[in-house]
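Asker: Provided below: protein.csv, containing CSV, C-alpha atoms.
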```csv
chain,number,residue,atom,x,y,z
G,189,MET,CA,-68.5,27.7,25.1
G,190,TYR,CA,-67.8,24.0,24.9
G,191,ILE,CA,-67.4,21.7,27.9
G,192,ASN,CA,-66.3,18.1,27.7
G,193,LYS,CA,-66.4,16.0,30.9
G,194,GLU,CA,-66.5,12.3,31.7
G,195,PHE,CA,-67.1,10.0,34.6
G,196,THR,CA,-67.1,6.2,35.2
G,197,ILE,CA,-69.7,3.7,36.3
G,198,GLN,CA,-69.4,0.1,37.2
G,199,SER,CA,-71.6,-2.5,35.3
G,200,ASP,CA,-72.5,-6.0,36.5
G,201,ARG,CA,-72.7,-9.4,34.8
G,202,ARG,CA,-76.3,-8.7,33.8
G,203,VAL,CA,-78.1,-5.8,32.1
G,204,THR,CA,-77.2,-2.8,34.2
G,205,PHE,CA,-78.8,0.6,34.3
G,206,GLU,CA,-77.4,3.6,36.0
G,207,ASP,CA,-79.3,6.9,36.6
G,208,VAL,CA,-76.7,9.5,35.6
G,209,THR,CA,-79.0,12.5,35.6
G,210,ASP,CA,-77.6,14.1,38.8
G,211,ARG,CA,-74.0,13.8,37.6
G,212,ALA,CA,-74.9,15.2,34.1
G,213,VAL,CA,-76.8,18.1,35.7
G,214,LYS,CA,-73.9,18.9,38.1
G,215,ILE,CA,-71.6,19.2,35.1
G,216,LEU,CA,-74.1,21.5,33.5
G,217,GLU,CA,-74.3,23.6,36.6
G,218,GLU,CA,-70.5,23.8,37.0
G,219,ALA,CA,-70.2,24.9,33.3
G,220,GLY,CA,-72.6,27.8,33.8
G,221,VAL,CA,-74.1,27.4,30.3
G,222,LYS,CA,-77.5,29.1,30.2
G,223,ASP,CA,-78.7,28.1,26.7
G,224,GLY,CA,-77.5,25.3,24.5
G,225,LEU,CA,-77.3,21.6,24.2
G,226,MET,CA,-76.0,18.8,26.4
G,227,VAL,CA,-75.1,15.4,24.9
G,228,VAL,CA,-74.7,12.4,27.1
G,229,PHE,CA,-72.8,9.7,25.2
G,230,SER,CA,-71.4,6.2,25.5
G,231,GLN,CA,-68.3,5.2,23.6
G,232,HIS,CA,-69.0,1.5,24.3
G,233,THR,CA,-70.6,-0.5,21.5
G,234,THR,CA,-72.7,-2.6,23.9
G,235,CYS,CA,-74.1,0.4,25.9
G,236,SER,CA,-76.9,3.0,25.4
G,237,VAL,CA,-77.9,6.3,26.8
G,238,LEU,CA,-81.6,7.0,27.1
G,239,VAL,CA,-84.2,9.3,28.7
G,240,GLN,CA,-87.0,7.5,30.4
G,241,GLU,CA,-89.5,8.1,33.2
G,242,GLN,CA,-88.4,7.2,36.7
G,243,SER,CA,-90.3,4.2,37.9
G,244,ASP,CA,-90.9,4.1,41.6
G,245,ASP,CA,-91.3,0.3,41.8
G,246,VAL,CA,-88.3,-2.0,41.5
G,247,ASN,CA,-87.8,-5.8,41.1
G,248,TYR,CA,-85.8,-8.0,43.5
G,249,TYR,CA,-82.5,-6.8,41.9
G,250,GLY,CA,-83.5,-3.2,42.5
G,251,GLU,CA,-84.1,-2.5,38.8
G,252,GLN,CA,-86.9,-0.1,38.0
G,253,LEU,CA,-89.8,-1.9,36.6
G,254,ILE,CA,-90.1,0.3,33.4
G,255,LEU,CA,-86.5,-0.5,32.6
G,256,GLN,CA,-87.0,-4.2,33.2
G,257,ASP,CA,-90.0,-4.1,30.9
G,258,MET,CA,-87.8,-2.6,28.2
G,259,VAL,CA,-85.2,-5.4,28.8
G,260,ASN,CA,-88.0,-8.0,28.5
G,261,GLY,CA,-89.1,-6.5,25.2
G,262,LEU,CA,-85.6,-6.4,23.9
G,263,GLU,CA,-85.0,-10.0,24.9
G,264,GLU,CA,-87.8,-11.0,22.6
G,265,MET,CA,-86.2,-9.1,19.7
G,266,PHE,CA,-82.6,-10.1,20.4
G,267,PRO,CA,-82.4,-13.1,22.8
G,268,THR,CA,-79.4,-13.1,25.2
G,269,CYS,CA,-76.5,-14.8,23.5
G,270,SER,CA,-75.9,-18.1,25.3
G,271,SER,CA,-73.7,-20.1,23.0
G,272,GLU,CA,-71.5,-19.8,19.9
G,273,GLY,CA,-73.4,-20.1,16.7
G,274,GLN,CA,-76.6,-18.5,18.0
G,275,TYR,CA,-75.8,-15.4,16.0
G,276,LEU,CA,-73.6,-15.1,12.9
G,277,HIS,CA,-71.2,-12.8,14.9
G,278,PRO,CA,-68.7,-13.5,16.3
G,279,GLY,CA,-67.1,-15.6,13.7
G,280,PRO,CA,-63.8,-17.6,14.1
G,281,VAL,CA,-61.7,-14.7,12.7
G,282,HIS,CA,-63.1,-12.2,15.3
G,283,ILE,CA,-62.5,-14.7,18.1
G,284,GLU,CA,-58.9,-15.3,17.0
G,285,ILE,CA,-58.0,-11.6,16.6
G,286,ALA,CA,-59.7,-10.7,19.9
G,287,GLY,CA,-57.7,-13.3,21.8
G,288,ARG,CA,-54.4,-12.4,20.1
G,289,GLU,CA,-54.6,-8.6,20.0
G,290,ARG,CA,-56.7,-7.8,23.0
G,291,ASP,CA,-56.1,-10.8,25.3
G,292,GLU,CA,-59.8,-11.5,25.4
G,293,GLU,CA,-61.4,-14.7,26.5
G,294,ALA,CA,-63.5,-16.3,23.7
G,295,PHE,CA,-66.7,-16.3,25.7
G,296,TRP,CA,-66.4,-12.5,26.1
G,297,SER,CA,-67.5,-12.2,22.4
G,298,LEU,CA,-70.8,-13.9,23.2
G,299,ASN,CA,-72.5,-10.5,23.5
G,300,THR,CA,-74.0,-10.0,20.1
G,301,ASP,CA,-77.4,-9.3,21.7
G,302,ALA,CA,-75.8,-6.4,23.6
G,303,HIS,CA,-74.4,-4.9,20.4
G,304,LEU,CA,-77.8,-5.2,18.6
G,305,ARG,CA,-79.8,-3.7,21.5
G,306,SER,CA,-77.3,-0.8,21.8
G,307,VAL,CA,-77.7,0.0,18.1
G,308,LEU,CA,-81.5,-0.1,18.3
G,309,LEU,CA,-81.6,2.3,21.3
G,310,GLY,CA,-78.7,4.5,20.4
G,311,ARG,CA,-75.6,5.5,22.3
G,312,SER,CA,-76.4,9.2,23.1
G,313,VAL,CA,-79.1,11.6,24.0
G,314,THR,CA,-79.2,15.3,23.2
G,315,ILE,CA,-80.9,17.5,25.8
G,316,PRO,CA,-81.8,21.2,25.3
G,317,ILE,CA,-80.6,23.6,27.9
G,318,LYS,CA,-82.7,26.7,28.7
G,319,ASP,CA,-82.0,29.2,31.5
G,320,GLY,CA,-79.3,26.9,32.8
G,321,LYS,CA,-81.6,23.9,33.2
G,322,ALA,CA,-81.7,20.6,31.3
G,323,ILE,CA,-85.1,20.2,29.7
G,324,LEU,CA,-86.0,16.6,30.6
G,325,GLY,CA,-89.7,17.0,31.2
G,326,GLU,CA,-91.5,16.4,34.5
G,327,PHE,CA,-90.4,12.8,34.9
G,328,GLY,CA,-87.5,12.3,32.6
G,329,ARG,CA,-84.2,10.9,33.9
G,330,ILE,CA,-81.0,10.0,32.0
G,331,TYR,CA,-80.0,6.4,32.1
G,332,PHE,CA,-76.8,4.7,31.0
G,333,ALA,CA,-77.5,1.1,30.0
G,334,ASP,CA,-74.9,-1.6,29.7
G,335,PHE,CA,-76.4,-4.6,27.9
G,336,ASP,CA,-73.2,-6.8,28.0
G,337,GLN,CA,-73.8,-9.7,30.3
G,338,VAL,CA,-70.5,-11.6,29.8
G,339,ARG,CA,-68.4,-9.6,32.3
G,340,ALA,CA,-68.6,-6.7,34.7
G,341,ARG,CA,-66.7,-3.6,33.6
G,342,SER,CA,-65.9,0.0,34.4
G,343,ARG,CA,-67.7,2.1,31.8
G,344,MET,CA,-67.1,5.7,30.7
G,345,VAL,CA,-70.0,8.2,30.4
G,346,ARG,CA,-69.1,11.3,28.4
G,347,VAL,CA,-71.0,14.7,28.8
G,348,HIS,CA,-70.5,17.3,26.1
G,349,ILE,CA,-72.1,20.8,26.5
G,350,ALA,CA,-72.2,23.5,23.9
G,351,GLY,CA,-73.8,26.9,24.5
G,352,GLU,CA,-73.5,30.3,26.0
```
Render the structure in this file as structure tokens.
Answerer:
Amino acid sequence: MYINKEFTIQSDRRVTFEDVTDRAVKILEEAGVKDGLMVVFSQHTTCSVLVQEQSDDVNYYGEQLILQDMVNGLEEMFPTCSSEGQYLHPGPVHIEIAGRERDEEAFWSLNTDAHLRSVLLGRSVTIPIKDGKAILGEFGRIYFADFDQVRARSRMVRVHIAGE
């Protein structure tokens, strides 16, 4: 059996995390798969999907501290893109094509840090299914991360389940 479902989330103009565990588990329960694999995937090149412990403490924005700690570490590796020329990408050809073919504002391309963070963390997780349950461990939660800080957007989360 193979199941393919999707749902959307809304990001903000800052790094955004969304706990998608309950929605993914609901899709698994509705599918009735007892043993197999569940993949939670982002098609967006500035987003990641990860499994992390739930942190009970949050900052003033409501972001879990363990997730904010990760963002702080990633900021040291790939500082937030604040002006053209900070990174090699985007170049003038990319800006011109994005404006002409996708009607994008030039500053929307100042998200190189988001692309690099996404590649580092990955855009999907694969979770074993046993006896109809997602094996996430005692504290594991599935988070969708949007690292793009140039604009808020609706994002697609895809859940693929294969098993019997």
Asker: Please write as a ChimeraX atom specification the list of polymer residues whose atoms come within 6 Å of (-75.8, 4.5, 31.7), counting all atoms listed in the file and keeping to the coordinates of the file.
Answerer: /G:205-206,237,331-333
Asker: Choose the residue, out of G:Ala350, G:Leu304, G:Met344, G:Cys235, that has the smallest atom-to-atom separation from Tyr275 of chain G; count all atoms listed in the file.
Answerer: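 Among G:Ala350, G:Leu304, G:Met344, G:Cys235, it is G:Leu304 that comes nearest to Tyr275 of chain G.
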Asker: Tell me which of G:Arg311, G:Ile254, G:Asp207, G:Ile323 sits closest to Arg346 of chain G, counting all atoms listed in the file.
Answerer: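 Among the listed residues, the smallest separation from Arg346 of chain G belongs to G:Arg311.
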Asker: Calculated over all atoms listed in the file, which of the candidates G:Cys269, G:Gly279, G:Glu352, G:Phe335 has the smallest distance to Ser199 of chain G?
Answerer: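 Between G:Cys269, G:Gly279, G:Glu352, G:Phe335, the residue approaching Ser199 of chain G most closely is G:Phe335.
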Asker: In Å, rounded to a single decimal, give me how far atom CA of Thr233 of chain G is from atom CA of Ala219 of chain G.
Answerer: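 If I compute the distance from atom CA of Ala219 of chain G to atom CA of Thr233 of chain G, I get 28.0 Å.
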Asker: G:Ala322, G:Val338, G:Val213, G:Leu276: which is nearest Ala294 of chain G, counting all atoms listed in the file?
Answerer: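 Closest candidate: G:Val338.
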Asker: Any idea what the distance is between atom CA of Arg341 of chain G and atom CA of Asp301 of chain G?
Answerer: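 Computed distance, atom CA of Arg341 of chain G to atom CA of Asp301 of chain G, equals 17.0 Å.
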Asker: Ranking G:Glu251, G:Glu194, G:Asp319, G:Glu284 by minimum distance to Gly220 of chain G and counting only C-alpha atoms, which one comes first?
Answerer: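 Ranking G:Glu251, G:Glu194, G:Asp319, G:Glu284 by distance to Gly220 of chain G, first place goes to G:Asp319.
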Asker: For Lys193 of chain G, which residue among G:Thr209, G:Asp257, G:His303, G:Phe229 is the nearest when counting only C-alpha atoms?
Answerer: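 Of G:Thr209, G:Asp257, G:His303, G:Phe229, the one nearest Lys193 of chain G, counting only C-alpha atoms, is G:Phe229.
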Asker: Quote the spacing between atom CA of Gln274 of chain G and atom CA of Trp296 of chain G in Å to one decimal place.
Answerer: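 Distance between the two atoms: 14.3 Å.
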Asker: Identify, on the basis of all atoms listed in the file, every residue whose closest approach to Tyr249 of chain G does not exceed 12 Å; exclude the query and any residue fewer than 5 positions from it along the same chain; express the result as a PyMOL selection string.
Answerer: chain G and resi 200+202-205+255-256
Asker: Go ahead and find all residues with at least one atom no further than 10 Å from (-74.4, 24.5, 23.4) in the file's coordinates, using all atoms listed in the file; report them as number ranges by chain.
Answerer: G: 189-191, 221-227, 315-317, 348-352
Asker: With only C-alpha atoms as the counted atoms, please give the residues lying no more than 12 Å from Glu326 of chain G, apart from itself and same-chain residues fewer than 6 positions off, as a ChimeraX atom specification.
Answerer: /G:239-242
